[in-house]
Amino acid sequence: MAATSLSSPRLGSSLSSPAFQTLRNYKFPITFLSFSHYTKHLTSRNFSHSTSSPHPCRRLTTAIRAESTNGSEPPRHYDYDLFTIGAGSGGVRASRFASNFGAKVAVCELPFSTISSDSTGGVGGTCVLRGCVPKKLLVYASKFSHEFEESGGFGWTYEAEPKHDWSTLIANKNAELQRLTGIYKNILKNADVTLIEGRGKIVDPHTVDVNGKLYSAKNILISVGGRPFIPDIPGSEYAIDSDAALDLPSKPKKIAIVGGGYIAVEFAGIFNGLKSDVHVFIRQKKVLRGFDEEVRDFVGEQMSLRGIEFHTEEMPQAIIKSSDGSLSLKTNKGTVDGFSHVMFATGRKPNTKNLGLEAVGVKLSNNGAIEVDEYSQSSVPSIWAVGDVTDRINLTPVALMEGGALAKTLFANEPTKPDYSAVPAAVFSQPPIGQVGLTEEQAIKEFGDIDVYTSNFRPLKATLSGLPDRVFMKLIVCAKTNKVLGLHMCGDDSPEIVQGFAVAVKAGLTKADFDATVGIHPTAAEELVTMRSPTRKVRSTPSEGKADSDIKTAAGV
Amino acid sequence: MARKMLIDGELDKPIEEETHYDFDLFVIGAGSGGVRASRFSAQYGAKVGICELPFHPISSEVIGGVGGTCVIRGCVPKKILVYGASFGPELEDARNYGWELNEKIDFNWKKLLHKKTEEIVRLNGIYKRLLSNAGVKLFEGEGRVVGPNEVELIQLDGTKISYSAKHILIATGSRAQRPAIPGQELAITSDEALSLEELPKRAVILGGGYIAVEFASIWRGMGATVDLFYRKELPLRGFDDEMRAVVARNLEGRGINLHPGTTLTELVKTEDGIKVRTDHGEEIVADVVLFATGRAPNTKRLNLESVGVELDRTGALKVDDYSRTNIPSIWAIGDATNRMNLTPVALMEGTCFAKTVFGGQPTAPDYGHIPCAVFCIPSLSVVGLSEEQALENANGDVLVFTSTFNPMKNTVSGRQEKSIMKLVVDAETDKVLGASMCGPDAPEIMQGIAIALKCGATKAQFDSTVGIHPSAAEEFVTMRSVTRRIPARKPKTSL
């Protein structure tokens, strides 16, 4: 295999020269800077012989630094400074950055497959192979049908109704995934990270077993991610999860989606856009628990208007397969028949089974997530974990942040905690959602007195298309400090729009700062800098509260 | 009625022997700036009158309409046509996503035109209601200044009425200009282009500004052959050079024929269409020739010279930081002052005017970090300084971060078009001096970035913001390595 041939797993031990060994085993009392020059001189000749690394000196010096930061442990030689299990977003980021800081790094990953299991995965991980990327590609595909409808209002007509060919889409999507997994492998290769294919298992705090071969490492990083979870009800073997939904052999005619989280609403939008008959079964009254209540209401309404049928407060009890092959979903309220597919989007669980974690004493939480401290260190000091396997905020960019922070902590002499404040997020429902900061409910709980600005308008495009599409925007402002605590939007382009605002919210900017910014006309986003009067003021003393609304027009004059 | 004249901020102080005026404020021109200033002044308690010419999509000396350029002949109808044109390339993109589209797809320009007119008529009505709800008295007719405190209104039937006003605000906007070349009467301006009876099959556009590139994209998206002529090497003078080059490449990539460094010398009517001659000796025949060669302030028929209001060489009203002309009772905002000709800027100027004159808070509009967008396809949006401007202004080194990438949608659609983003950073202070993007959704993406820049955000603050994945916008917060570091004082480029 190409990536592993880059350097043999035992490279570390095979290139030890006397000078190299001495340096490694001696705990230097002197500072890194004054030391680095010396090491360079001493070892570059030996080292550059046996490795393709462009920075042999950096590699050596950091190996020593990693050693010297760690108190009383007896000096020991390891194959790697860092061994990462799982080459998804977090694992690749941590490995690359660690290597850039000079560490000797290996990462292991399961063989590629679009469907994950105990024996399949693939470089790139959930995000690239079974999450963000394929999902977004299907969202793009499914959005076109809405655009065809819109285009009618702009003078476009089609002699024949546009038809969708599922197999073309899936083939093109999979070609793109193959390309991306190749890119990720190259990224690792270019960063001088050794890629080992196989299932990694922890043997002891410094040893990982991959397919029977043992690798020793100063630090082990677990970044194995999570996998969809299907509850055990009668007939659950007929259900598919999001992995399968992204790679179905044919398009569902009629699909039941169980769950109200972001995966459920995203797939509801995808299949609805591709003209499947979509039924969503949710336990609660509304979708997207944890999101701002008004956004939950709004997105549910908009999705219903596009033809998705919601079955609220319905819990699945069984899936029954009929003689004609169709599936029925039995819930606490009744049975709905005639589904070609039943999809469960009922949550994901960390992939921590059979990793050997319990045996070495790594503490897991109730749901199987690895418990870590603020620096992503587990209960075993040499074992670290980032990404979904820690079940903190399960987002690719957060895993990237955690991976980046870990590399800094371990190999750049900069102990760095990931910062979880004002992490923006998007839901690629149709229409999509973007948000950053607190929901109204959280803000009231935390700050008491807040001003809420909302805008619910018909965008220019919809006035022409004649479709019932609307946009909802919301700003939550601290009454005392004027700081913008939260920003929520549902409507076209929300994820793109919210990113820039996230910089502003993260920087702690105030409503006055928003107001001082001139709008970009005509855009939807300008609405967020032209909200003049609060829709409501929430006060702990109710007498101050007063509703005030403002006329919004297309040009906001 | 609570009459307040609060220019010095004195509230409710009775002033003896005050002259009686019909209005506290009379506004000439009910476009973006005029409507905003009127409404806000009325909300501060002023008695406000406003006059506007009768409505029609195509403006002239005697035609206008409440809503002004933005609503009737600018931003709004333009954006509607851009939406309409965007479906063309969208349909191409759909195929690799599995959509089977019959080759017979029809675009009906007349239908779009009709719906566009419906929409601007609706908005025109909304604007009128906004004024009446704010208690502003609207007059239809042509307004002229006849004294420092006197406006004459020529009504539609030709009769004239005079009104006295404590303050007069000129917000008459601007109109498209035509270059004086032989046959210029055969060409149209953007006004007519937004209301053409027939969609041109062959369009020639003269000009390299935003209006020119927007119409090039509109007509191309609708299937026309488009030839774009401009004087410079690149379109969009004043924008970041790298972005200009990307826009040019994208326009070309989408099938627009670019003719840089070329201008038109003559238009001749032929049986086959309008024959266009260039200064390079080329000849092209077109159905429509659009002049997008600039706009001039609408100040000719306002009788301003009679009261001695100073104009600059372009005919724009000269105003101070508070939008006041050299005649203390006469003020001006918006395109008529030719400061920064954008709707949101006119709105800002209108708001500041009302605050200053009737709100007791003298407020100067702040022209720092004003974002703007060009709705070519794909779009361009910028805020703050271009790389060239940053180098000119910088005391120290300038760091440039760029990201050129294939948008995810194109990975499957197969469209060969890169998006580009750029941050220009002061090396010493780490402040982000400018941001720009060319690619889908750029104007929507840039709005939030504009707040950050306005408030002096640093590159470190951008970096500390977590990305939204997968989006294009996340590139703005994930530009880790500097593309180039430019030492202070570099010789200027002259593209």
# chains A, B, ... in the order shown; residues from 1 in each chain; ligands from 1
$ residues_around --residues "Glu309 in chain A" --least-positions-apart "4" --cutoff "8 Å" --atoms "only C-alpha atoms" --output "PyMOL selection string"
chain A and resi 278-280+304
$ residues_around --residues "range 76-85 of chain B" --least-positions-apart "5" --cutoff "6 Å" --atoms "only C-alpha atoms" --output "PyMOL selection string"
(chain A and resi 154) or (chain B and resi 71+218+221-222)
$ closest_residue --among "B:Arg484, B:Arg415, B:Arg339, B:Lys269" --to "Asp93 in chain B" --atoms "only C-alpha atoms"
B:Arg415
$ interface_residues --of "chain B" --to "chain A" --cutoff "6 Å" --atoms "only C-alpha atoms" --output "PyMOL selection string"
chain B and resi 36+84+97-101+104-108+111-112+344+370+372+444-445+448-449+451-452+462+465-468+471+473
$ write_last_selection --atoms "N, CA and C atoms" --output "short mmCIF file (atom, residue, chain, number, x, y, z; two decimals), in the first residue's frame"
data_model
loop_
_atom_site.label_atom_id
_atom_site.label_comp_id
_atom_site.auth_asym_id
_atom_site.auth_seq_id
_atom_site.Cartn_x
_atom_site.Cartn_y
_atom_site.Cartn_z
N ARG B 36 -35.81 57.85 3.54
CA ARG B 36 -35.26 57.60 4.87
C ARG B 36 -35.18 58.90 5.68
N GLY B 84 -33.12 35.69 -12.30
CA GLY B 84 -33.66 35.07 -13.50
C GLY B 84 -32.56 34.46 -14.36
N TYR B 97 -25.76 16.19 -11.35
CA TYR B 97 -26.40 15.78 -10.09
C TYR B 97 -27.56 14.84 -10.35
N GLY B 98 -27.67 14.37 -11.58
CA GLY B 98 -28.65 13.34 -11.88
C GLY B 98 -29.95 13.84 -12.49
N TRP B 99 -30.05 15.15 -12.73
CA TRP B 99 -31.30 15.66 -13.28
C TRP B 99 -31.30 15.54 -14.80
N GLU B 100 -32.38 14.96 -15.30
CA GLU B 100 -32.53 14.80 -16.74
C GLU B 100 -33.44 15.89 -17.24
N LEU B 101 -32.83 16.82 -17.97
CA LEU B 101 -33.60 17.96 -18.45
C LEU B 101 -33.74 17.86 -19.95
N LYS B 104 -35.40 21.07 -24.56
CA LYS B 104 -36.29 22.20 -24.82
C LYS B 104 -36.66 22.90 -23.52
N ILE B 105 -35.77 23.79 -23.13
CA ILE B 105 -36.06 24.63 -21.98
C ILE B 105 -36.24 26.04 -22.53
N ASP B 106 -37.31 26.66 -22.11
CA ASP B 106 -37.63 27.94 -22.70
C ASP B 106 -37.52 29.03 -21.65
N PHE B 107 -36.92 30.14 -22.05
CA PHE B 107 -36.91 31.29 -21.16
C PHE B 107 -37.76 32.39 -21.78
N ASN B 108 -38.76 32.82 -21.03
CA ASN B 108 -39.69 33.82 -21.51
C ASN B 108 -39.39 35.17 -20.85
N LYS B 111 -42.32 37.41 -19.67
CA LYS B 111 -42.94 37.02 -18.41
C LYS B 111 -42.13 37.59 -17.23
N LEU B 112 -40.81 37.44 -17.32
CA LEU B 112 -39.97 37.95 -16.24
C LEU B 112 -40.12 39.47 -16.13
N PRO B 344 -27.41 51.71 0.66
CA PRO B 344 -27.24 51.76 2.12
C PRO B 344 -26.48 52.99 2.59
N ILE B 370 -17.17 50.39 4.37
CA ILE B 370 -18.48 50.16 3.77
C ILE B 370 -18.37 48.99 2.80
N CYS B 372 -19.47 46.39 -0.15
CA CYS B 372 -20.31 46.50 -1.34
C CYS B 372 -20.20 45.24 -2.17
N GLU B 444 -23.69 37.77 0.39
CA GLU B 444 -24.30 37.31 1.65
C GLU B 444 -23.21 37.00 2.67
N ILE B 445 -22.14 36.41 2.21
CA ILE B 445 -21.04 36.02 3.10
C ILE B 445 -20.35 37.25 3.69
N GLY B 448 -21.47 39.78 7.37
CA GLY B 448 -20.99 39.55 8.73
C GLY B 448 -19.52 39.90 8.88
N ILE B 449 -18.75 39.57 7.85
CA ILE B 449 -17.32 39.91 7.86
C ILE B 449 -17.15 41.42 7.99
N ILE B 451 -18.93 43.52 9.67
CA ILE B 451 -19.04 43.96 11.07
C ILE B 451 -17.70 43.80 11.76
N ALA B 452 -17.10 42.64 11.53
CA ALA B 452 -15.81 42.35 12.16
C ALA B 452 -14.77 43.39 11.75
N PHE B 462 -10.26 36.26 13.67
CA PHE B 462 -10.81 35.43 12.60
C PHE B 462 -10.44 33.97 12.84
N THR B 465 -12.30 31.91 15.39
CA THR B 465 -13.69 31.58 15.11
C THR B 465 -13.75 30.21 14.44
N VAL B 466 -14.62 29.37 14.94
CA VAL B 466 -14.75 28.02 14.38
C VAL B 466 -15.52 28.11 13.06
N GLY B 467 -15.14 27.28 12.11
CA GLY B 467 -15.78 27.30 10.81
C GLY B 467 -17.16 26.66 10.82
N ILE B 468 -17.95 27.00 9.81
CA ILE B 468 -19.22 26.32 9.59
C ILE B 468 -18.99 25.39 8.41
N SER B 471 -19.07 24.89 4.26
CA SER B 471 -19.52 26.11 3.62
C SER B 471 -18.34 26.69 2.86
N ALA B 473 -17.87 29.98 3.15
CA ALA B 473 -17.49 31.06 4.06
C ALA B 473 -16.45 30.63 5.10
#
$ residues_around --residues "Lys422 in chain B" --least-positions-apart "4" --cutoff "8 Å" --atoms "only C-alpha atoms" --output "list of chain:residue names"
B:Val400, B:Phe401, B:Thr402, B:Ser403, B:Gly434, B:Ala435, B:Ser436, B:Met437, B:Phe476
$ atom_distance --atom1 "CA of Asn351 in chain A" --atom2 "CA of Asp118 in chain A"
8.5 Å
